[in-house]
>>> print(open('coords_28.txt').read())   # compact mmCIF, C-alpha atoms and all ligand atoms
# COMPACT_ATOMS: atom_id res chain seq x y z
CA MET A 1 3.90 8.82 32.20
CA ARG A 2 3.31 5.13 31.34
CA GLU A 3 5.95 3.67 29.02
CA PHE A 4 3.59 2.38 26.34
CA ASP A 5 1.75 4.23 23.53
CA VAL A 6 -0.64 3.29 20.75
CA VAL A 7 -0.23 4.77 17.28
CA THR A 8 -2.82 4.16 14.59
CA GLY A 9 -1.35 3.50 11.15
CA ALA A 10 2.29 2.86 12.21
CA PHE A 11 2.91 0.80 9.03
CA SER A 12 1.58 3.55 6.79
CA TYR A 13 2.73 7.18 6.51
CA THR A 14 2.53 9.75 9.32
CA GLY A 15 1.96 7.10 12.00
CA LYS A 16 5.26 5.46 11.04
CA TYR A 17 7.24 8.62 11.77
CA ILE A 18 5.49 9.06 15.12
CA ALA A 19 6.14 5.39 16.02
CA ARG A 20 9.80 5.59 14.96
CA ARG A 21 10.43 8.56 17.26
CA LEU A 22 8.65 6.85 20.16
CA LEU A 23 10.72 3.68 19.68
CA ALA A 24 13.89 5.81 19.60
CA GLN A 25 12.85 7.25 22.97
CA GLY A 26 12.67 3.69 24.33
CA ARG A 27 8.88 3.55 24.46
CA ARG A 28 6.84 0.45 23.70
CA VAL A 29 4.51 0.91 20.72
CA ARG A 30 1.41 -0.92 19.60
CA THR A 31 -0.31 -0.03 16.35
CA LEU A 32 -3.91 -0.31 15.26
CA THR A 33 -4.08 -0.92 11.53
CA GLY A 34 -6.31 -2.13 8.74
CA HIS A 35 -3.46 -4.44 7.67
CA ALA A 36 -2.38 -6.24 10.85
CA ALA A 37 -1.46 -9.42 8.94
CA ARG A 38 0.29 -7.81 5.94
CA PRO A 39 4.08 -8.27 5.93
CA HIS A 40 5.80 -4.94 6.52
CA HIS A 41 9.38 -3.73 6.77
CA PHE A 42 9.03 -1.09 9.46
CA ALA A 43 10.76 -1.94 12.78
CA PRO A 44 10.34 -5.72 12.48
CA GLY A 45 9.40 -7.32 15.78
CA GLN A 46 9.25 -3.98 17.59
CA VAL A 47 5.67 -2.87 16.97
CA GLU A 48 2.77 -5.09 17.96
CA ALA A 49 0.01 -4.88 15.33
CA VAL A 50 -3.66 -5.18 16.25
CA PRO A 51 -6.62 -4.77 13.88
CA TYR A 52 -8.80 -1.68 14.28
CA ASN A 53 -11.77 -3.66 15.70
CA PHE A 54 -14.22 -0.81 15.11
CA LYS A 55 -17.05 -3.36 15.05
CA ASN A 56 -16.10 -4.65 18.50
CA PRO A 57 -15.75 -1.61 20.79
CA SER A 58 -14.85 -3.62 23.91
CA ALA A 59 -12.00 -5.40 22.05
CA LEU A 60 -10.94 -1.99 20.71
CA ALA A 61 -10.89 -0.55 24.26
CA ARG A 62 -8.89 -3.58 25.47
CA SER A 63 -6.29 -2.93 22.76
CA LEU A 64 -5.78 0.57 24.25
CA GLU A 65 -5.65 -0.42 27.91
CA GLY A 66 -2.46 0.52 29.76
CA ALA A 67 -1.37 2.98 27.07
CA ASP A 68 -0.27 6.50 27.96
CA THR A 69 -1.04 8.28 24.68
CA LEU A 70 -3.11 7.34 21.68
CA TYR A 71 -1.79 9.01 18.51
CA ASN A 72 -4.61 8.85 16.01
CA THR A 73 -3.88 9.20 12.31
CA TYR A 74 -6.87 7.14 11.08
CA TRP A 75 -8.89 8.73 8.29
CA VAL A 76 -9.86 8.14 4.65
CA ARG A 77 -8.88 10.35 1.70
CA PHE A 78 -12.04 9.67 -0.29
CA SER A 79 -15.06 7.40 -0.32
CA HIS A 80 -14.26 4.13 -2.07
CA GLY A 81 -15.25 0.48 -1.93
CA GLY A 82 -17.45 0.69 1.17
CA ASP A 83 -15.18 3.17 2.97
CA SER A 84 -16.67 6.63 3.27
CA PHE A 85 -16.19 9.80 5.27
CA GLU A 86 -19.38 9.00 7.21
CA LYS A 87 -17.96 5.61 8.15
CA ALA A 88 -14.60 7.13 9.09
CA VAL A 89 -16.38 9.65 11.34
CA ALA A 90 -18.42 6.87 12.99
CA ASN A 91 -15.31 4.69 13.42
CA THR A 92 -13.33 7.55 14.95
CA ARG A 93 -16.18 8.29 17.36
CA THR A 94 -15.95 4.62 18.42
CA LEU A 95 -12.20 5.06 18.88
CA ILE A 96 -12.72 8.19 21.03
CA ARG A 97 -15.17 6.31 23.29
CA ALA A 98 -12.77 3.34 23.48
CA ALA A 99 -9.88 5.66 24.44
CA GLN A 100 -12.03 7.09 27.22
CA ALA A 101 -13.08 3.63 28.45
CA ALA A 102 -9.45 2.46 28.39
CA GLY A 103 -8.26 5.42 30.53
CA ILE A 104 -5.86 6.82 27.93
CA ARG A 105 -3.97 9.77 29.50
CA ARG A 106 -3.65 11.87 26.32
CA PHE A 107 -5.34 11.68 22.93
CA VAL A 108 -3.28 13.22 20.13
CA HIS A 109 -5.47 13.50 17.08
CA ILE A 110 -4.20 14.33 13.60
CA SER A 111 -6.75 16.54 11.88
CA VAL A 112 -6.29 19.02 9.01
CA THR A 113 -5.98 22.79 8.64
CA ASN A 114 -9.19 24.77 8.33
CA PRO A 115 -11.84 22.15 9.19
CA ARG A 116 -15.35 23.61 9.38
CA LEU A 117 -18.67 22.14 10.48
CA ASP A 118 -20.41 23.92 7.59
CA SER A 119 -17.81 22.97 4.96
CA PRO A 120 -19.31 21.64 1.73
CA LEU A 121 -16.30 19.28 1.54
CA PRO A 122 -16.86 16.02 3.46
CA TYR A 123 -13.14 15.70 4.33
CA PHE A 124 -13.06 19.07 6.11
CA ARG A 125 -16.58 18.73 7.56
CA GLY A 126 -15.81 15.24 8.92
CA LYS A 127 -12.60 16.48 10.53
CA ALA A 128 -14.55 19.35 12.20
CA LEU A 129 -17.17 16.91 13.51
CA LEU A 130 -14.43 14.79 15.06
CA GLU A 131 -12.67 17.77 16.62
CA LYS A 132 -16.02 18.66 18.23
CA ALA A 133 -16.50 15.08 19.47
CA ILE A 134 -13.00 15.10 21.02
CA ALA A 135 -13.55 18.50 22.66
CA GLU A 136 -16.84 17.22 24.13
CA SER A 137 -15.25 14.01 25.45
CA LYS A 138 -13.59 13.72 28.86
CA LEU A 139 -10.21 13.06 27.24
CA SER A 140 -7.16 15.26 27.65
CA TYR A 141 -6.39 16.07 24.03
CA ALA A 142 -4.14 17.75 21.49
CA ILE A 143 -5.46 18.24 17.99
CA VAL A 144 -2.70 18.68 15.41
CA ARG A 145 -3.83 20.16 12.11
CA PRO A 146 -1.35 19.55 9.25
CA THR A 147 -1.53 21.29 5.90
CA VAL A 148 -0.21 18.90 3.23
CA ILE A 149 2.45 16.51 4.50
CA PHE A 150 5.60 15.78 2.49
CA GLY A 151 8.04 12.91 2.95
CA VAL A 152 9.30 9.79 1.23
CA GLU A 153 5.94 7.97 1.40
CA ASP A 154 3.97 11.04 0.34
CA ILE A 155 1.43 10.63 -2.42
CA LEU A 156 0.53 14.11 -3.75
CA ILE A 157 4.01 15.57 -4.32
CA ASN A 158 5.48 12.22 -5.38
CA ASN A 159 2.79 11.74 -8.00
CA MET A 160 3.14 15.31 -9.26
CA ALA A 161 6.83 14.44 -9.79
CA TRP A 162 5.88 11.16 -11.46
CA LEU A 163 3.62 13.05 -13.90
CA LEU A 164 6.36 15.60 -14.59
CA ARG A 165 8.82 12.80 -15.36
CA HIS A 166 6.45 11.39 -17.99
CA TRP A 167 4.79 14.39 -19.65
CA PRO A 168 6.02 17.82 -20.78
CA VAL A 169 2.57 19.35 -20.11
CA PHE A 170 0.95 19.56 -16.67
CA ALA A 171 -2.79 20.19 -16.38
CA VAL A 172 -3.48 22.71 -13.60
CA PRO A 173 -7.01 23.13 -12.25
CA GLY A 174 -8.03 26.80 -12.56
CA SER A 175 -5.49 29.61 -12.30
CA GLY A 176 -3.04 27.66 -10.13
CA GLY A 177 -2.73 30.80 -7.98
CA TYR A 178 -4.18 29.12 -4.88
CA ARG A 179 -1.68 28.37 -2.13
CA LEU A 180 -0.27 25.42 -0.18
CA GLN A 181 2.02 25.47 2.85
CA PRO A 182 3.51 21.95 2.99
CA VAL A 183 4.92 20.50 6.21
CA PHE A 184 7.57 17.77 6.56
CA VAL A 185 6.36 14.47 8.00
CA GLU A 186 9.16 14.42 10.62
CA ASP A 187 8.06 17.87 11.79
CA VAL A 188 4.46 16.65 12.14
CA ALA A 189 5.69 13.68 14.21
CA GLU A 190 7.75 15.95 16.46
CA ILE A 191 4.85 18.37 16.94
CA ALA A 192 2.52 15.47 17.82
CA ILE A 193 4.92 13.92 20.34
CA LYS A 194 5.65 17.27 22.02
CA ALA A 195 1.90 17.86 22.26
CA ALA A 196 1.52 14.51 24.04
CA SER A 197 3.83 15.62 26.84
CA ARG A 198 1.73 18.67 27.71
CA GLU A 199 -1.40 18.69 29.88
CA PRO A 200 -3.82 21.40 28.65
CA ASN A 201 -6.19 20.69 25.80
CA GLU A 202 -4.92 22.37 22.66
CA ILE A 203 -5.47 22.72 18.94
CA LEU A 204 -2.47 23.64 16.82
CA ASP A 205 -1.59 23.82 13.14
CA ALA A 206 1.36 21.90 11.71
CA ALA A 207 2.62 23.89 8.73
CA GLY A 208 5.99 24.50 7.11
CA SER A 209 7.71 27.85 6.72
CA GLU A 210 7.16 28.21 2.96
CA THR A 211 3.97 28.89 1.05
CA PHE A 212 3.74 28.17 -2.68
CA THR A 213 1.08 28.74 -5.26
CA PHE A 214 0.17 25.50 -7.01
CA ASN A 215 1.89 26.83 -10.16
CA GLU A 216 5.07 27.53 -8.15
CA LEU A 217 4.97 24.05 -6.64
CA VAL A 218 4.75 22.37 -10.05
CA GLU A 219 7.61 24.52 -11.34
CA LEU A 220 9.72 23.84 -8.22
CA ILE A 221 9.36 20.08 -8.65
CA ALA A 222 10.02 20.28 -12.40
CA ARG A 223 13.21 22.31 -11.83
CA ALA A 224 14.49 19.82 -9.23
CA LEU A 225 13.92 16.99 -11.72
CA GLY A 226 15.55 18.95 -14.53
CA ARG A 227 12.33 18.84 -16.55
CA ARG A 228 10.87 21.61 -18.70
CA VAL A 229 7.12 21.83 -18.26
CA ARG A 230 4.28 23.79 -19.79
CA LEU A 231 1.39 24.49 -17.43
CA LEU A 232 -1.99 23.99 -19.08
CA HIS A 233 -4.66 25.83 -17.10
CA LEU A 234 -8.05 24.16 -17.39
CA SER A 235 -11.33 24.49 -15.55
CA PRO A 236 -11.46 22.07 -12.59
CA GLY A 237 -14.13 20.02 -14.40
CA LEU A 238 -11.96 19.68 -17.52
CA THR A 239 -8.89 18.71 -15.45
CA LEU A 240 -10.84 15.84 -13.93
CA GLY A 241 -11.22 14.12 -17.33
CA PRO A 242 -7.50 13.41 -17.94
CA ILE A 243 -6.97 12.74 -14.22
CA ARG A 244 -9.65 10.03 -14.27
CA LEU A 245 -8.34 8.49 -17.51
CA LEU A 246 -4.87 8.32 -16.05
CA GLY A 247 -6.37 6.90 -12.85
CA LEU A 248 -7.79 4.02 -14.89
CA ALA A 249 -4.34 3.38 -16.38
CA VAL A 250 -2.61 3.27 -12.97
CA ARG A 251 -5.64 1.65 -11.27
CA ASP A 252 -5.88 4.40 -8.66
CA VAL A 253 -7.90 7.45 -7.67
CA ILE A 254 -5.32 10.15 -8.41
CA LEU A 255 -7.20 13.23 -7.21
CA THR A 256 -10.89 13.81 -6.52
CA ARG A 257 -13.19 16.72 -7.36
CA GLU A 258 -13.39 17.49 -3.61
CA GLU A 259 -9.60 17.51 -3.24
CA ILE A 260 -9.30 19.97 -6.12
CA ALA A 261 -11.96 22.14 -4.44
CA GLY A 262 -10.03 21.99 -1.13
CA LEU A 263 -6.81 23.01 -2.86
CA MET A 264 -8.50 25.85 -4.74
CA ALA A 265 -10.15 27.14 -1.55
CA ASN A 266 -6.70 27.67 0.04
CA LEU A 267 -7.52 25.23 2.85
CA LEU A 268 -3.99 23.80 2.97
CA VAL A 269 -2.45 26.93 4.45
CA SER A 270 -2.15 27.93 8.09
CA HIS A 271 -2.91 31.26 9.72
CA GLN A 272 -0.56 30.60 12.64
CA PRO A 273 3.23 31.04 12.87
CA PRO A 274 4.80 27.98 11.18
CA ARG A 275 5.94 25.15 13.45
CA GLY A 276 7.64 23.02 10.78
CA ARG A 277 11.37 23.51 10.22
CA VAL A 278 12.29 21.52 7.10
CA ARG A 279 11.86 23.50 3.88
CA LEU A 280 10.15 21.72 1.02
CA ALA A 281 12.48 23.40 -1.50
CA ASP A 282 15.54 21.89 0.26
CA TRP A 283 13.93 18.48 0.69
CA ILE A 284 12.88 18.30 -2.96
CA LYS A 285 16.44 19.09 -4.08
CA GLU A 286 17.86 16.37 -1.82
CA SER A 287 15.19 13.82 -2.77
CA ALA A 288 15.02 14.55 -6.50
CA ALA A 289 16.66 11.23 -7.54
CA GLY A 290 13.86 9.11 -6.05
CA LEU A 291 10.98 11.58 -6.17
CA GLY A 292 8.31 10.38 -8.59
CA ALA A 293 10.52 7.51 -9.79
CA SER A 294 7.49 5.30 -9.31
CA TYR A 295 3.80 6.04 -8.91
CA ALA A 296 2.46 5.96 -5.29
CA SER A 297 -0.96 4.34 -5.25
CA GLU A 298 -3.52 5.16 -2.57
CA LEU A 299 -5.60 2.13 -3.54
CA ASP A 300 -2.62 -0.24 -3.30
CA ARG A 301 -1.77 1.16 0.09
CA HIS A 302 -5.18 0.91 1.67
CA PHE A 303 -7.46 -1.37 -0.32
CA ARG A 304 -5.53 -4.15 -2.03
CA GLY A 305 -4.59 -7.22 -0.02
CA ARG A 306 -6.96 -6.46 2.85
N1 LIG B 401 -1.06 13.10 4.06
C1 LIG B 401 -1.31 14.40 4.09
O1 LIG B 401 -0.81 15.18 3.28
C2 LIG B 401 -2.23 14.94 5.15
C3 LIG B 401 -2.52 16.31 5.16
C4 LIG B 401 -3.33 16.83 6.17
C5 LIG B 401 -3.85 16.01 7.14
N2 LIG B 401 -3.56 14.68 7.10
C6 LIG B 401 -4.13 13.83 8.13
O2 LIG B 401 -3.06 13.13 8.75
C7 LIG B 401 -3.50 11.82 9.11
C8 LIG B 401 -2.53 10.80 8.56
O3 LIG B 401 -2.50 10.92 7.14
P1 LIG B 401 -1.60 9.92 6.31
O4 LIG B 401 -1.64 10.42 4.91
O5 LIG B 401 -0.32 9.77 6.99
O6 LIG B 401 -2.48 8.62 6.40
P2 LIG B 401 -2.11 7.08 6.21
O7 LIG B 401 -0.86 6.77 6.96
O8 LIG B 401 -2.15 6.77 4.78
O9 LIG B 401 -3.34 6.37 6.94
C9 LIG B 401 -3.57 6.59 8.33
C10 LIG B 401 -4.41 5.46 8.89
O10 LIG B 401 -5.71 5.46 8.28
C11 LIG B 401 -5.97 4.20 7.69
N3 LIG B 401 -6.63 4.39 6.40
C12 LIG B 401 -6.27 5.22 5.41
N4 LIG B 401 -7.13 5.14 4.37
C13 LIG B 401 -8.04 4.21 4.73
C14 LIG B 401 -9.19 3.68 4.12
N5 LIG B 401 -9.59 4.09 2.92
N6 LIG B 401 -9.90 2.74 4.78
C15 LIG B 401 -9.53 2.33 6.00
N7 LIG B 401 -8.44 2.82 6.66
C16 LIG B 401 -7.72 3.75 6.03
C17 LIG B 401 -4.61 3.54 7.47
O11 LIG B 401 -4.81 2.14 7.48
P3 LIG B 401 -3.60 1.06 7.44
O12 LIG B 401 -3.06 1.02 8.85
O13 LIG B 401 -4.28 -0.19 7.09
O14 LIG B 401 -2.59 1.55 6.46
C18 LIG B 401 -3.82 4.06 8.65
O15 LIG B 401 -4.05 3.27 9.79
C19 LIG B 401 -4.91 11.67 8.59
O16 LIG B 401 -5.80 11.89 9.64
C20 LIG B 401 -5.04 12.75 7.54
O17 LIG B 401 -6.35 13.24 7.44
C21 LIG B 401 -2.77 14.12 6.13
>>> encode(input="coords_28.txt", output="structure tokens", more="lines below")
Ligand SMILES: NC(=O)c1ccc[n+]([C@@H]2O[C@H](COP(=O)([O-])OP(=O)(O)OC[C@H]3O[C@@H](n4cnc5c(N)ncnc54)[C@H](OP(=O)(O)O)[C@@H]3O)[C@@H](O)[C@H]2O)c1
Amino acid sequence: MREFDVVTGAFSYTGKYIARRLLAQGRRVRTLTGHAARPHHFAPGQVEAVPYNFKNPSALARSLEGADTLYNTYWVRFSHGGDSFEKAVANTRTLIRAAQAAGIRRFVHISVTNPRLDSPLPYFRGKALLEKAIAESKLSYAIVRPTVIFGVEDILINNMAWLLRHWPVFAVPGSGGYRLQPVFVEDVAEIAIKAASREPNEILDAAGSETFTFNELVELIARALGRRVRLLHLSPGLTLGPIRLLGLAVRDVILTREEIAGLMANLLVSHQPPRGRVRLADWIKESAAGLGASYASELDRHFRGR
């Protein structure tokens, strides 16, 4: 095994946890990022940052040369400001070809649970297209499919907490009876790194041991924050109105129509034995003081200051 790995997105969320574990194992880490020049606080001086270079495939391949494993977290949550799922699929195809050209030993790709080529949801369809492209490549690969990832930098659960801190009523799309099986970000990182050390091609879910309905999740967070909340069940279309208005106020895209559809279709649950160990209920209790204390903005993270 060569002593150097590349992690995409090491200054962002999941990639940071993968990079931190690799550094702790004494490995050298380079990251590909959309923000190579932005000041960051993660492992100063320890992670070399290189821009994604999707428009220059030979430079992209050069940035991967000599690496043992490429951990790929790159993806977009929604189409915005020139970034789209189609573009993210095309960029990731370029990355797959570059990894092959660079002679990467193992490609560990972070996907999502329940991707499907015929999904009406571009997030899940795009992920399925990329899984197919990886399987058809000559790369040795592991595809890790997380459900919904929780951790300090998380957006969904943090912003649910932020809403609960500010309002006594929480708008729930539909019945709220659809399920989620969240997985801790450290568990995802561990699953990804273990998958890198194996040889056979594999596809595995990364899911925690607890499954909640959306209603239960809102109530769990509210209890941990000591907040009383009334759930207001609205049609998905009606929920989008207040979500968009609030989005204007915080200058962010809080949740999209497609994300609501993905949640309601139970796509964020696994049908395999859980691999994650940390329980969301425990983590929420321990993290309650900081959870939702400030709003986590997707647009700030990925679009501003580019
Ligand atoms: N978060 C979850 O709950 C969750 C659940 C299931 C699956 N996943 C999958 O896990 C992987 C990592 O997710 P994450 O939430 O940890 O992602 P992230 O760290 O926020 O972003 C991962 C990488 O994608 C880049 N990126 C994100 N949005 C972008 C945009 N709009 N335009 C250009 N680049 C963009 C980031 O760029 P920068 O380097 O510039 O920051 C970073 O390099 C993704 O493949 C995601 O689909 C996540």
>>> closest_residue(input="coords_28.txt", among="A:Phe214, A:Tyr52, A:Phe124, A:Phe107", to="Gly9 of chain A", atoms="all atoms listed in the file")
A:Tyr52
>>> atom_distance(input="coords_28.txt", atom1="atom N3 of ligand LIG 401 (chain B)", atom2="atom CA of Asn158 of chain A")
18.6 Å
>>> closest_atom_pairs(input="coords_28.txt", of="chain A", to="ligand LIG 401 (chain B)", cutoff="7 Å", atoms="all atoms listed in the file", output="CSV")
residue,atom,partner,partner_atom,distance
A:Thr8,CA,B:LIG401,O15,5.0
A:Gly9,CA,B:LIG401,O15,3.0
A:Ala10,CA,B:LIG401,O12,6.6
A:Phe11,CA,B:LIG401,O12,6.0
A:Ser12,CA,B:LIG401,O7,4.0
A:Tyr13,CA,B:LIG401,O7,3.6
A:Thr14,CA,B:LIG401,O5,3.7
A:Gly15,CA,B:LIG401,O7,5.8
A:Leu32,CA,B:LIG401,O15,6.5
A:Thr33,CA,B:LIG401,O12,3.5
A:Gly34,CA,B:LIG401,O13,3.3
A:His35,CA,B:LIG401,O13,4.4
A:Thr73,CA,B:LIG401,C7,4.2
A:Tyr74,CA,B:LIG401,O10,3.5
A:Trp75,CA,B:LIG401,O10,4.6
A:Val76,CA,B:LIG401,N4,4.1
A:Arg77,CA,B:LIG401,N4,6.1
A:Phe78,CA,B:LIG401,N5,6.9
A:His80,CA,B:LIG401,N5,6.8
A:Asp83,CA,B:LIG401,N6,5.6
A:Ile110,CA,B:LIG401,O16,4.9
A:Ser111,CA,B:LIG401,O16,5.2
A:Val112,CA,B:LIG401,C5,4.3
A:Thr113,CA,B:LIG401,C4,7.0
A:Arg145,CA,B:LIG401,C5,6.5
A:Pro146,CA,B:LIG401,C4,4.6
A:Thr147,CA,B:LIG401,C4,4.8
A:Val148,CA,B:LIG401,O1,3.8
A:Ile149,CA,B:LIG401,O1,3.7
A:Phe150,CA,B:LIG401,O1,6.5
A:Asp154,CA,B:LIG401,N1,6.6
A:Arg301,CA,B:LIG401,O14,6.4
A:His302,CA,B:LIG401,C13,5.3
A:Phe303,CA,B:LIG401,N5,6.7
>>> residues_near_point(input="coords_28.txt", point="(-16.3, 13.8, 16.1)", cutoff="10 Å", atoms="only C-alpha atoms", output="PyMOL selection string")
chain A and resi 88-94+96+125-137
>>> atom_distance(input="coords_28.txt", atom1="atom CA of Pro182 of chain A", atom2="atom CA of Leu156 of chain A")
10.8 Å
>>> residues_around(input="coords_28.txt", residues="Gly292 of chain A", least_positions_apart="2", cutoff="10 Å", atoms="only C-alpha atoms", output="PDB file with C-alpha atoms, in the frame of the given file")
ATOM      1  CA  VAL A 152       9.300   9.790   1.230  1.00  0.00           C
ATOM      2  CA  ASP A 154       3.970  11.040   0.340  1.00  0.00           C
ATOM      3  CA  ILE A 155       1.430  10.630  -2.420  1.00  0.00           C
ATOM      4  CA  LEU A 156       0.530  14.110  -3.750  1.00  0.00           C
ATOM      5  CA  ILE A 157       4.010  15.570  -4.320  1.00  0.00           C
ATOM      6  CA  ASN A 158       5.480  12.220  -5.380  1.00  0.00           C
ATOM      7  CA  ASN A 159       2.790  11.740  -8.000  1.00  0.00           C
ATOM      8  CA  MET A 160       3.140  15.310  -9.260  1.00  0.00           C
ATOM      9  CA  ALA A 161       6.830  14.440  -9.790  1.00  0.00           C
ATOM     10  CA  TRP A 162       5.880  11.160 -11.460  1.00  0.00           C
ATOM     11  CA  LEU A 163       3.620  13.050 -13.900  1.00  0.00           C
ATOM     12  CA  LEU A 164       6.360  15.600 -14.590  1.00  0.00           C
ATOM     13  CA  ARG A 165       8.820  12.800 -15.360  1.00  0.00           C
ATOM     14  CA  HIS A 166       6.450  11.390 -17.990  1.00  0.00           C
ATOM     15  CA  ILE A 221       9.360  20.080  -8.650  1.00  0.00           C
ATOM     16  CA  LEU A 225      13.920  16.990 -11.720  1.00  0.00           C
ATOM     17  CA  SER A 287      15.190  13.820  -2.770  1.00  0.00           C
ATOM     18  CA  ALA A 288      15.020  14.550  -6.500  1.00  0.00           C
ATOM     19  CA  ALA A 289      16.660  11.230  -7.540  1.00  0.00           C
ATOM     20  CA  GLY A 290      13.860   9.110  -6.050  1.00  0.00           C
ATOM     21  CA  SER A 294       7.490   5.300  -9.310  1.00  0.00           C
ATOM     22  CA  TYR A 295       3.800   6.040  -8.910  1.00  0.00           C
ATOM     23  CA  ALA A 296       2.460   5.960  -5.290  1.00  0.00           C
TER      24      ALA A 296
END
>>> closest_residue(input="coords_28.txt", among="A:Ser140, A:Asn56, A:Gln46, A:Gln272", to="Ser209 of chain A", atoms="all atoms listed in the file")
A:Gln272
>>> closest_residue(input="coords_28.txt", among="A:Asp5, A:Glu86, A:Asp252, A:Glu48", to="Ala99 of chain A", atoms="all atoms listed in the file")
A:Asp5
>>> residues_around(input="coords_28.txt", residues="segment 229-236 of chain A", least_positions_apart="6", cutoff="7 Å", atoms="only C-alpha atoms", output="number ranges by chain")
A: 168-175, 222
>>> closest_residue(input="coords_28.txt", among="A:Ala98, A:Val47, A:Ala249, A:Leu204", to="Leu23 of chain A", atoms="all atoms listed in the file")
A:Val47
>>> closest_residue(input="coords_28.txt", among="A:Thr69, A:Ile260, A:Val108, A:Val253", to="Leu238 of chain A", atoms="all atoms listed in the file")
A:Ile260
>>> atom_distance(input="coords_28.txt", atom1="atom CA of Val144 of chain A", atom2="atom CA of His271 of chain A")
13.8 Å
>>> closest_residue(input="coords_28.txt", among="A:Ser63, A:Asn215, A:Gln181, A:Ser297", to="Val278 of chain A", atoms="all atoms listed in the file")
A:Gln181
>>> build_atoms(input="coords_28.txt", residues="segment 210-228 of chain A", atoms="N, CA and C atoms", output="PDB file, keeping the file's coordinate frame")
ATOM      1  N   GLU A 210       7.280  27.649   4.304  1.00  0.00           N
ATOM      2  CA  GLU A 210       7.160  28.210   2.960  1.00  0.00           C
ATOM      3  C   GLU A 210       5.736  28.007   2.421  1.00  0.00           C
ATOM      4  N   THR A 211       5.262  29.013   1.710  1.00  0.00           N
ATOM      5  CA  THR A 211       3.970  28.890   1.050  1.00  0.00           C
ATOM      6  C   THR A 211       4.198  29.035  -0.458  1.00  0.00           C
ATOM      7  N   PHE A 212       3.586  28.144  -1.219  1.00  0.00           N
ATOM      8  CA  PHE A 212       3.740  28.170  -2.680  1.00  0.00           C
ATOM      9  C   PHE A 212       2.358  28.273  -3.310  1.00  0.00           C
ATOM     10  N   THR A 213       2.295  28.922  -4.460  1.00  0.00           N
ATOM     11  CA  THR A 213       1.080  28.740  -5.260  1.00  0.00           C
ATOM     12  C   THR A 213       1.213  27.362  -5.905  1.00  0.00           C
ATOM     13  N   PHE A 214       0.106  26.817  -6.373  1.00  0.00           N
ATOM     14  CA  PHE A 214       0.170  25.500  -7.010  1.00  0.00           C
ATOM     15  C   PHE A 214       1.095  25.572  -8.228  1.00  0.00           C
ATOM     16  N   ASN A 215       0.997  26.667  -9.000  1.00  0.00           N
ATOM     17  CA  ASN A 215       1.890  26.830 -10.160  1.00  0.00           C
ATOM     18  C   ASN A 215       3.359  26.778  -9.731  1.00  0.00           C
ATOM     19  N   GLU A 216       3.671  27.501  -8.638  1.00  0.00           N
ATOM     20  CA  GLU A 216       5.070  27.530  -8.150  1.00  0.00           C
ATOM     21  C   GLU A 216       5.529  26.141  -7.724  1.00  0.00           C
ATOM     22  N   LEU A 217       4.598  25.392  -7.109  1.00  0.00           N
ATOM     23  CA  LEU A 217       4.970  24.050  -6.640  1.00  0.00           C
ATOM     24  C   LEU A 217       5.299  23.144  -7.821  1.00  0.00           C
ATOM     25  N   VAL A 218       4.476  23.202  -8.861  1.00  0.00           N
ATOM     26  CA  VAL A 218       4.750  22.370 -10.050  1.00  0.00           C
ATOM     27  C   VAL A 218       6.104  22.756 -10.631  1.00  0.00           C
ATOM     28  N   GLU A 219       6.350  24.068 -10.725  1.00  0.00           N
ATOM     29  CA  GLU A 219       7.610  24.520 -11.340  1.00  0.00           C
ATOM     30  C   GLU A 219       8.819  24.147 -10.476  1.00  0.00           C
ATOM     31  N   LEU A 220       8.638  24.222  -9.147  1.00  0.00           N
ATOM     32  CA  LEU A 220       9.720  23.840  -8.220  1.00  0.00           C
ATOM     33  C   LEU A 220      10.100  22.377  -8.412  1.00  0.00           C
ATOM     34  N   ILE A 221       9.088  21.520  -8.496  1.00  0.00           N
ATOM     35  CA  ILE A 221       9.360  20.080  -8.650  1.00  0.00           C
ATOM     36  C   ILE A 221      10.016  19.835 -10.023  1.00  0.00           C
ATOM     37  N   ALA A 222       9.477  20.478 -11.054  1.00  0.00           N
ATOM     38  CA  ALA A 222      10.020  20.280 -12.400  1.00  0.00           C
ATOM     39  C   ALA A 222      11.500  20.688 -12.457  1.00  0.00           C
ATOM     40  N   ARG A 223      11.814  21.838 -11.844  1.00  0.00           N
ATOM     41  CA  ARG A 223      13.210  22.310 -11.830  1.00  0.00           C
ATOM     42  C   ARG A 223      14.118  21.299 -11.150  1.00  0.00           C
ATOM     43  N   ALA A 224      13.657  20.780  -9.979  1.00  0.00           N
ATOM     44  CA  ALA A 224      14.490  19.820  -9.230  1.00  0.00           C
ATOM     45  C   ALA A 224      14.737  18.563 -10.051  1.00  0.00           C
ATOM     46  N   LEU A 225      13.779  18.204 -10.908  1.00  0.00           N
ATOM     47  CA  LEU A 225      13.920  16.990 -11.720  1.00  0.00           C
ATOM     48  C   LEU A 225      14.637  17.276 -13.037  1.00  0.00           C
ATOM     49  N   GLY A 226      14.908  18.571 -13.273  1.00  0.00           N
ATOM     50  CA  GLY A 226      15.550  18.950 -14.530  1.00  0.00           C
ATOM     51  C   GLY A 226      14.612  18.796 -15.717  1.00  0.00           C
ATOM     52  N   ARG A 227      13.324  18.997 -15.479  1.00  0.00           N
ATOM     53  CA  ARG A 227      12.330  18.840 -16.550  1.00  0.00           C
ATOM     54  C   ARG A 227      11.776  20.210 -16.939  1.00  0.00           C
ATOM     55  N   ARG A 228      11.568  20.399 -18.232  1.00  0.00           N
ATOM     56  CA  ARG A 228      10.870  21.610 -18.700  1.00  0.00           C
ATOM     57  C   ARG A 228       9.405  21.252 -18.766  1.00  0.00           C
TER      58      ARG A 228
END
